[in-house]
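Novice: Quick one, target19.txt (compact mmCIF, C-alpha atoms and all ligand atoms):
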```
# COMPACT_ATOMS: atom_id res chain seq x y z
CA MET A 1 90.82 169.25 170.32
CA SER A 2 93.61 170.78 168.22
CA VAL A 3 93.79 170.63 164.44
CA THR A 4 96.77 168.27 164.78
CA GLU A 5 94.76 165.91 166.97
CA LYS A 6 91.83 165.97 164.55
CA LEU A 7 94.15 165.30 161.66
CA LEU A 8 95.87 162.52 163.57
CA ARG A 9 92.55 160.68 163.83
CA VAL A 10 92.19 160.86 160.05
CA PHE A 11 95.81 159.74 159.63
CA ARG A 12 95.31 156.69 161.84
CA VAL A 13 92.24 155.64 159.85
CA ASP A 14 94.22 156.19 156.63
CA GLN A 15 97.02 154.00 157.93
CA GLN A 16 94.52 151.21 158.53
CA LEU A 17 93.01 151.71 155.08
CA ARG A 18 96.43 151.56 153.43
CA GLY A 19 97.38 148.52 155.48
CA LEU A 20 94.23 146.65 154.49
CA GLN A 21 94.54 147.59 150.84
CA SER A 22 98.24 146.80 150.60
CA ARG A 23 97.55 143.09 151.20
CA LEU A 24 94.91 143.14 148.48
CA ARG A 25 97.22 145.05 146.12
CA ALA A 26 99.93 142.44 146.69
CA ALA A 27 97.47 139.64 145.87
CA GLU A 28 96.38 141.52 142.73
CA ARG A 29 99.97 142.00 141.58
CA PHE A 30 100.69 138.30 142.11
CA LEU A 31 97.61 137.33 140.08
CA ASP A 32 98.54 139.75 137.27
CA GLU A 33 101.99 138.19 137.17
CA GLN A 34 100.50 134.69 136.73
CA VAL A 35 98.23 135.89 133.90
CA ARG A 36 101.21 137.55 132.21
CA GLN A 37 103.28 134.35 132.45
CA LEU A 38 100.39 132.28 131.02
CA GLN A 39 100.18 134.67 128.07
CA GLN A 40 103.91 134.27 127.49
CA ILE A 41 103.60 130.48 127.54
CA ASP A 42 100.68 130.63 125.08
CA ALA A 43 102.62 132.88 122.74
CA ARG A 44 105.61 130.51 122.81
CA ARG A 45 103.33 127.54 122.23
CA ASP A 46 101.72 129.26 119.22
CA THR A 47 105.15 129.85 117.69
CA LEU A 48 106.21 126.22 118.24
CA SER A 49 102.90 124.89 116.86
CA ALA A 50 103.29 126.98 113.72
CA GLN A 51 106.86 125.68 113.27
CA LEU A 52 105.66 122.11 113.77
CA LYS A 53 102.88 122.46 111.21
CA GLN A 54 105.26 123.92 108.65
CA LEU A 55 107.80 121.12 109.19
CA GLN A 56 105.10 118.46 108.96
CA ALA A 57 103.96 119.93 105.65
CA VAL A 58 107.53 119.87 104.28
CA ALA A 59 108.00 116.29 105.56
CA GLY A 60 104.75 115.29 103.85
CA ASP A 61 105.95 116.78 100.55
CA ASN A 62 109.23 114.89 100.94
CA GLU A 63 107.47 111.64 101.56
CA GLY A 64 105.34 112.13 98.43
CA GLU A 65 108.46 112.88 96.44
CA MET A 66 110.16 109.69 97.70
CA LYS A 67 107.12 107.58 96.77
CA ARG A 68 107.09 109.12 93.31
CA LEU A 69 110.80 108.28 92.90
CA ASP A 70 110.26 104.72 94.21
CA ALA A 71 107.52 104.17 91.64
CA ARG A 72 109.68 105.59 88.87
CA ILE A 73 112.65 103.38 89.90
CA GLU A 74 110.37 100.34 89.98
CA THR A 75 109.20 101.06 86.44
CA LEU A 76 112.77 101.55 85.23
CA ARG A 77 113.84 98.22 86.76
CA GLU A 78 111.12 96.42 84.85
CA GLN A 79 112.23 98.22 81.70
CA MET A 80 115.82 97.16 82.45
CA ASN A 81 114.72 93.51 82.68
CA ASN A 82 113.05 93.77 79.33
CA ALA A 83 115.84 95.76 77.69
CA LYS A 84 116.59 94.71 74.15
CA THR A 85 120.13 96.03 73.92
CA ASN A 86 123.01 96.60 76.23
CA LYS A 87 122.91 100.30 75.37
CA GLU A 88 119.25 100.51 76.31
CA TYR A 89 119.97 98.66 79.58
CA LYS A 90 122.80 101.04 80.47
CA ALA A 91 120.63 104.08 79.80
CA PHE A 92 117.98 102.76 82.21
CA LEU A 93 120.66 101.95 84.79
CA THR A 94 122.09 105.48 84.61
CA GLU A 95 118.64 106.95 85.18
CA VAL A 96 117.99 104.57 88.09
CA ASN A 97 121.26 105.62 89.72
CA THR A 98 120.44 109.31 89.30
CA LEU A 99 116.99 108.80 90.82
CA LYS A 100 118.51 106.77 93.69
CA ALA A 101 120.89 109.64 94.45
CA ASP A 102 117.92 112.06 94.46
CA ARG A 103 116.00 109.74 96.72
CA SER A 104 118.91 109.49 99.12
CA GLN A 105 118.96 113.30 99.46
CA TYR A 106 115.24 113.35 100.23
CA GLU A 107 115.75 110.58 102.77
CA THR A 108 118.52 112.48 104.58
CA ALA A 109 116.32 115.59 104.65
CA ALA A 110 113.36 113.52 105.90
CA LEU A 111 115.44 112.14 108.79
CA GLU A 112 116.54 115.64 109.78
CA GLN A 113 112.93 116.82 109.66
CA MET A 114 111.75 113.90 111.80
CA THR A 115 114.38 114.75 114.42
CA LYS A 116 113.27 118.39 114.43
CA ILE A 117 109.62 117.39 114.61
CA ASP A 118 110.35 115.17 117.62
CA GLU A 119 112.21 118.01 119.31
CA LEU A 120 109.36 120.43 118.71
CA ARG A 121 106.81 117.94 120.05
CA LYS A 122 108.89 117.52 123.21
CA GLN A 123 109.17 121.28 123.64
CA ILE A 124 105.41 121.64 123.25
CA GLU A 125 104.83 118.85 125.78
CA THR A 126 107.15 120.54 128.30
CA LEU A 127 105.35 123.83 127.69
CA ASP A 128 101.95 122.22 128.21
CA ALA A 129 103.08 120.78 131.53
CA GLU A 130 104.46 124.19 132.52
CA ARG A 131 101.18 125.79 131.53
CA ALA A 132 99.14 123.34 133.61
CA GLU A 133 101.30 124.14 136.66
CA ARG A 134 101.05 127.89 136.07
CA GLU A 135 97.30 127.58 135.61
CA LYS A 136 97.04 125.96 139.05
CA VAL A 137 99.03 128.83 140.59
CA ARG A 138 96.81 131.33 138.80
CA GLY A 139 93.72 129.60 140.22
CA VAL A 140 95.08 129.82 143.75
CA ALA A 141 96.12 133.44 143.19
CA HIS A 142 92.64 134.30 141.97
CA GLU A 143 91.02 132.64 144.98
CA ASP A 144 93.42 134.41 147.31
CA LYS A 145 92.63 137.78 145.76
CA SER A 146 88.87 137.25 146.02
CA LYS A 147 89.25 136.04 149.60
CA ARG A 148 91.28 139.07 150.60
CA ALA A 149 88.87 141.43 148.86
CA ASP A 150 85.99 139.77 150.72
CA GLU A 151 87.79 139.82 154.05
CA ILE A 152 88.42 143.54 153.98
CA LYS A 153 85.24 144.66 152.21
CA ASP A 154 83.16 145.35 155.34
CA ARG A 155 86.06 146.84 157.23
CA LEU A 156 86.85 149.17 154.31
CA VAL A 157 83.28 150.49 154.24
CA GLN A 158 83.40 150.95 158.01
CA LEU A 159 86.73 152.78 157.93
CA GLN A 160 85.69 154.94 155.00
CA ALA A 161 82.55 156.02 156.87
CA GLU A 162 84.65 156.73 159.94
CA ARG A 163 87.08 158.75 157.84
CA ASP A 164 84.28 160.76 156.20
CA GLY A 165 83.08 161.77 159.65
CA LEU A 166 86.53 162.68 160.94
CA VAL A 167 87.54 164.64 157.85
CA LYS A 168 84.58 167.01 158.25
CA GLU A 169 86.11 168.33 161.46
CA VAL A 170 89.48 169.18 159.94
CA PRO A 171 89.89 172.71 158.53
CA LEU A 172 90.29 172.73 154.77
CA ASP A 173 93.79 174.24 154.60
CA ALA A 174 95.12 171.65 157.08
CA LEU A 175 93.50 168.92 155.04
CA LYS A 176 95.14 170.22 151.87
CA THR A 177 98.56 170.16 153.52
CA TYR A 178 97.84 166.67 154.80
CA ASP A 179 96.73 165.34 151.40
CA GLU A 180 99.87 166.75 149.81
CA MET A 181 102.04 165.11 152.48
CA VAL A 182 100.26 161.76 152.04
CA ARG A 183 100.85 162.00 148.31
CA GLN A 184 104.56 162.63 148.89
CA ARG A 185 105.25 160.50 151.95
CA GLY A 186 102.40 158.00 152.42
CA ASP A 187 102.64 156.46 155.87
CA GLU A 188 105.22 159.09 156.86
CA ALA A 189 102.88 162.01 156.24
CA MET A 190 102.61 162.51 159.98
CA ALA A 191 105.32 161.68 162.48
CA PRO A 192 105.50 161.72 166.26
CA ILE A 193 108.16 163.77 167.97
CA GLU A 194 110.78 161.58 169.58
CA GLU A 195 112.26 162.46 172.91
CA LEU A 196 116.04 161.98 173.03
CA ASP A 197 116.80 163.80 176.25
CA ARG A 198 114.06 165.67 178.03
CA ARG A 199 116.34 167.61 180.38
CA ARG A 200 118.45 168.91 177.54
CA HIS A 201 115.33 169.55 175.49
CA GLU A 202 116.55 167.27 172.72
CA TYR A 203 113.79 166.14 170.44
CA THR A 204 113.86 164.72 166.93
CA CYS A 205 111.43 164.07 164.11
CA SER A 206 110.82 160.31 164.15
CA SER A 207 110.45 160.29 160.38
CA CYS A 208 113.77 161.84 159.34
CA GLN A 209 115.62 161.75 162.71
CA MET A 210 116.62 165.40 162.44
CA ALA A 211 116.80 167.50 165.60
CA LEU A 212 113.86 169.79 166.19
CA PRO A 213 114.02 173.26 167.70
CA MET A 214 112.52 173.61 171.17
CA GLU A 215 109.71 175.80 169.83
CA THR A 216 108.40 172.85 167.83
CA LEU A 217 107.62 171.05 171.05
CA SER A 218 106.18 174.19 172.66
CA ASN A 219 103.87 174.65 169.68
CA LEU A 220 102.50 171.17 170.14
CA LEU A 221 102.12 171.59 173.89
CA ARG A 222 100.11 174.80 173.56
CA PRO A 223 96.55 174.49 174.81
CA SER A 224 94.39 173.10 172.03
CA THR A 225 92.65 175.73 169.98
CA SER A 226 90.73 174.96 166.87
CA ASN A 227 92.71 177.34 164.64
CA ALA A 228 96.31 176.67 165.75
CA PRO A 229 98.43 175.97 162.68
CA LEU A 230 99.95 172.58 162.00
CA THR A 231 103.50 171.97 163.19
CA ARG A 232 105.78 170.67 160.45
CA CYS A 233 109.23 169.17 160.58
CA VAL A 234 111.64 171.79 159.21
CA SER A 235 113.68 169.07 157.48
CA CYS A 236 111.25 166.62 155.91
CA GLY A 237 107.95 168.49 156.10
CA ALA A 238 106.14 165.75 158.04
CA ILE A 239 103.21 166.98 160.11
CA LEU A 240 104.38 166.49 163.68
CA TYR A 241 102.41 165.35 166.67
CA LEU A 242 103.07 164.36 170.23
CA GLU A 243 102.10 160.98 171.66
CA ALA A 244 100.07 161.33 174.86
CA ASP A 245 102.76 159.83 177.14
CA ALA A 246 105.48 161.97 175.55
CA ALA A 247 103.33 165.05 176.09
CA GLU A 248 102.93 164.20 179.74
CA ARG A 249 106.64 163.70 180.20
CA ALA A 250 107.43 166.89 178.32
CA GLN A 251 105.12 168.79 180.64
CA GLY A 252 107.21 167.47 183.53
CA LYS A 253 104.42 165.44 185.15
CA SER A 254 106.69 162.49 185.80
CA GLY A 255 108.94 164.58 188.08
CA GLY A 256 112.65 165.22 187.97
CA GLY A 257 115.72 165.15 190.20
CA LYS A 258 116.08 168.81 191.03
CA LYS A 259 113.68 170.74 193.22
CA GLY A 260 111.61 173.26 191.39
CA LYS A 261 112.10 171.40 188.13
CA LYS A 262 108.37 171.10 187.64
CA ALA A 263 107.80 174.81 188.04
CA GLN A 264 110.76 175.57 185.80
CA ALA A 265 109.52 173.24 183.08
CA SER A 266 106.02 174.68 183.24
CA SER A 267 107.23 178.26 182.97
CA GLU A 268 109.35 177.37 179.96
CA LEU A 269 106.35 176.01 178.22
ZN ZN B 1 111.39 165.19 159.70
```
Just dump the structure as C-alpha cells.
Ligand SMILES: [Zn+2]

Specialist:
Amino acid sequence: MSVTEKLLRVFRVDQQLRGLQSRLRAAERFLDEQVRQLQQIDARRDTLSAQLKQLQAVAGDNEGEMKRLDARIETLREQMNNAKTNKEYKAFLTEVNTLKADRSQYETAALEQMTKIDELRKQIETLDAERAEREKVRGVAHEDKSKRADEIKDRLVQLQAERDGLVKEVPLDALKTYDEMVRQRGDEAMAPIEELDRRRHEYTCSSCQMALPMETLSNLLRPSTSNAPLTRCVSCGAILYLEADAAERAQGKSGGGKKGKKAQASSEL
C-alpha cells in the first residue's frame, strides 16, 4: 500500500470525526447563544428594576410631601375660621393659596411618575415573558447538545482508536504535510483527481479545479511502494489521490476505440 493510500485511510476517518463533531459544535453554539441572550435579558431587567425602585422612592417622597401640605392647609383653614381680623384672615388665605400651588406641582409630578412606573412595570412584564420563552429554548438546546454528545460518544472513541492504528503506518514526514494541510484546508486537505477527458489526458484537481500535468497522474499510478512521496496539487497544495475506478480507467482497463490503445496507454504509464 502506498503512502497516499495509507494517508487516505486516515483522511477518511478524520472526515467522519469532523462530520460527527460538527453537529455537536453546532448544538453547542446554539446553546451558547441562548445563554448569552438570557444574560442580556437579565441585565436589561436589572436596569429596569433599579429605575423602578428609584421612581417608587421619589413617588413615595412626593406622597409624603403632599400629605404634609394637606395637613398644613387643614390647620390653616381652621385658623382662618377662627380669625379675629380681616387682615389675619387674608394672611392665612395667602398662605393656603401658596401651599395649594405647591401641592398642585407635587400632584402633577406624582401623575407623571405613576405613568412612568406603569410603563416600567409593563416593560418588566414583557421582559419576564420573553425570558420564560428563552429559558424554554435554552432547555431544549441543552437537551439537544447532551443528546448529540451521547449519540456520538461511542462512535468517537471507536473512530479515534481506528485513527490511532492507521496513523502508525503513515511515515512521519507525510503525516506532517497532512496535518499542515488539514489545518489550512480541513475537509479539502486531500482531493481526488478528476478525469475530464481520458483520451486527451485531461485531469483536474477536484478541490481547486485546476488542470494537472500528466505526470501527476503517472505518479499516482506508479506501483505502490512504501516510500513514494506524496503527490500534491501544484495550484492549491491538496494531497492528491486516485479513486479506484478512476485508476482502473486511467490504466485503460475499460478499453478504447482504437486498436492497440491498451498497449499504448500502458507504455505511457
Ligand atoms: Zn488543487

Novice: Here is a test: counting only C-alpha atoms, which residue of A:Ala246, A:Ala27, A:Ala110, A:Leu20 is nearest to Glu151 of chain A?

Specialist: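 Counting only C-alpha atoms, the residue closest to Glu151 of chain A is A:Leu20.
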
Novice: Determine, using only C-alpha atoms and all ligand atoms, which residues of chain A have any atom at most 7 Å from an atom of ligand ZN 1 (chain B), and tabulate each with its shortest atom pair and distance in Å to one decimal place, rows ordered by chain and then rising number, as a Markdown table.

Specialist:
```
| residue | atom | partner | partner_atom | distance |
| --- | --- | --- | --- | --- |
| A:Cys205 | CA | B:ZN1 | ZN | 4.6 |
| A:Ser206 | CA | B:ZN1 | ZN | 6.6 |
| A:Ser207 | CA | B:ZN1 | ZN | 5.0 |
| A:Cys208 | CA | B:ZN1 | ZN | 4.1 |
| A:Gln209 | CA | B:ZN1 | ZN | 6.2 |
| A:Met210 | CA | B:ZN1 | ZN | 5.9 |
| A:Cys233 | CA | B:ZN1 | ZN | 4.6 |
| A:Val234 | CA | B:ZN1 | ZN | 6.6 |
| A:Ser235 | CA | B:ZN1 | ZN | 5.0 |
| A:Cys236 | CA | B:ZN1 | ZN | 4.1 |
| A:Gly237 | CA | B:ZN1 | ZN | 6.0 |
| A:Ala238 | CA | B:ZN1 | ZN | 5.5 |
```

Novice: With distances taken over all atoms listed in the file, which residue among A:Asp144, A:Asp154, A:Asp164, A:Glu135 lies nearest Gln39 of chain A?

Specialist: A:Glu135

Novice: So what do you get for atom CA of Val182 of chain A versus atom CA of Thr4 of chain A, distance-wise?

Specialist: 14.7 Å

Novice: So how many Å separate atom CA of Ile193 of chain A and atom CA of Pro223 of chain A, to one decimal?

Specialist: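 Interatomic distance here is 17.2 Å.
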
Novice: May I have the residues within 12 Å of Ala189 of chain A as a VMD selection string, using only C-alpha atoms and disregarding those fewer than 3 positions away in the same chain?

Specialist: chain A and resid 7 to 8 10 to 12 14 to 15 175 177 to 186 192 205 to 208 232 to 233 236 to 241

Novice: How many Å separate atom CA of Gln105 of chain A from atom CA of Arg121 of chain A?

Specialist: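 Those two atoms sit 24.4 Å apart.
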
Novice: Give the answer as one residue: which of A:Ala26, A:Ala132, A:Val58, A:Ala71 has the shortest atom-to-atom distance to Leu38 of chain A, using all atoms listed in the file?

Specialist: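 Residue with the minimum atom-to-atom distance to Leu38 of chain A: A:Ala132.
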
Novice: Rank A:Ile117, A:Asn81, A:Arg72, A:Lys147 by their smallest atom-to-atom distance to Glu95 of chain A, using only C-alpha atoms, and report the top residue only.

Specialist: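 Nearest candidate to Glu95 of chain A out of A:Ile117, A:Asn81, A:Arg72, A:Lys147: A:Arg72.
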
Novice: For a quick check of understanding, using only C-alpha atoms, which of A:Val137, A:Leu217, A:Ile73, A:Leu52 has the smallest distance to Phe30 of chain A?

Specialist: A:Val137

Novice: Give the answer as one residue: which of A:Met1, A:Ile41, A:Leu221, A:Leu99 has the shortest atom-to-atom distance to Arg249 of chain A, using only C-alpha atoms?

Specialist: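 Looking at the shortest contact to Arg249 of chain A, the residue is A:Leu221.
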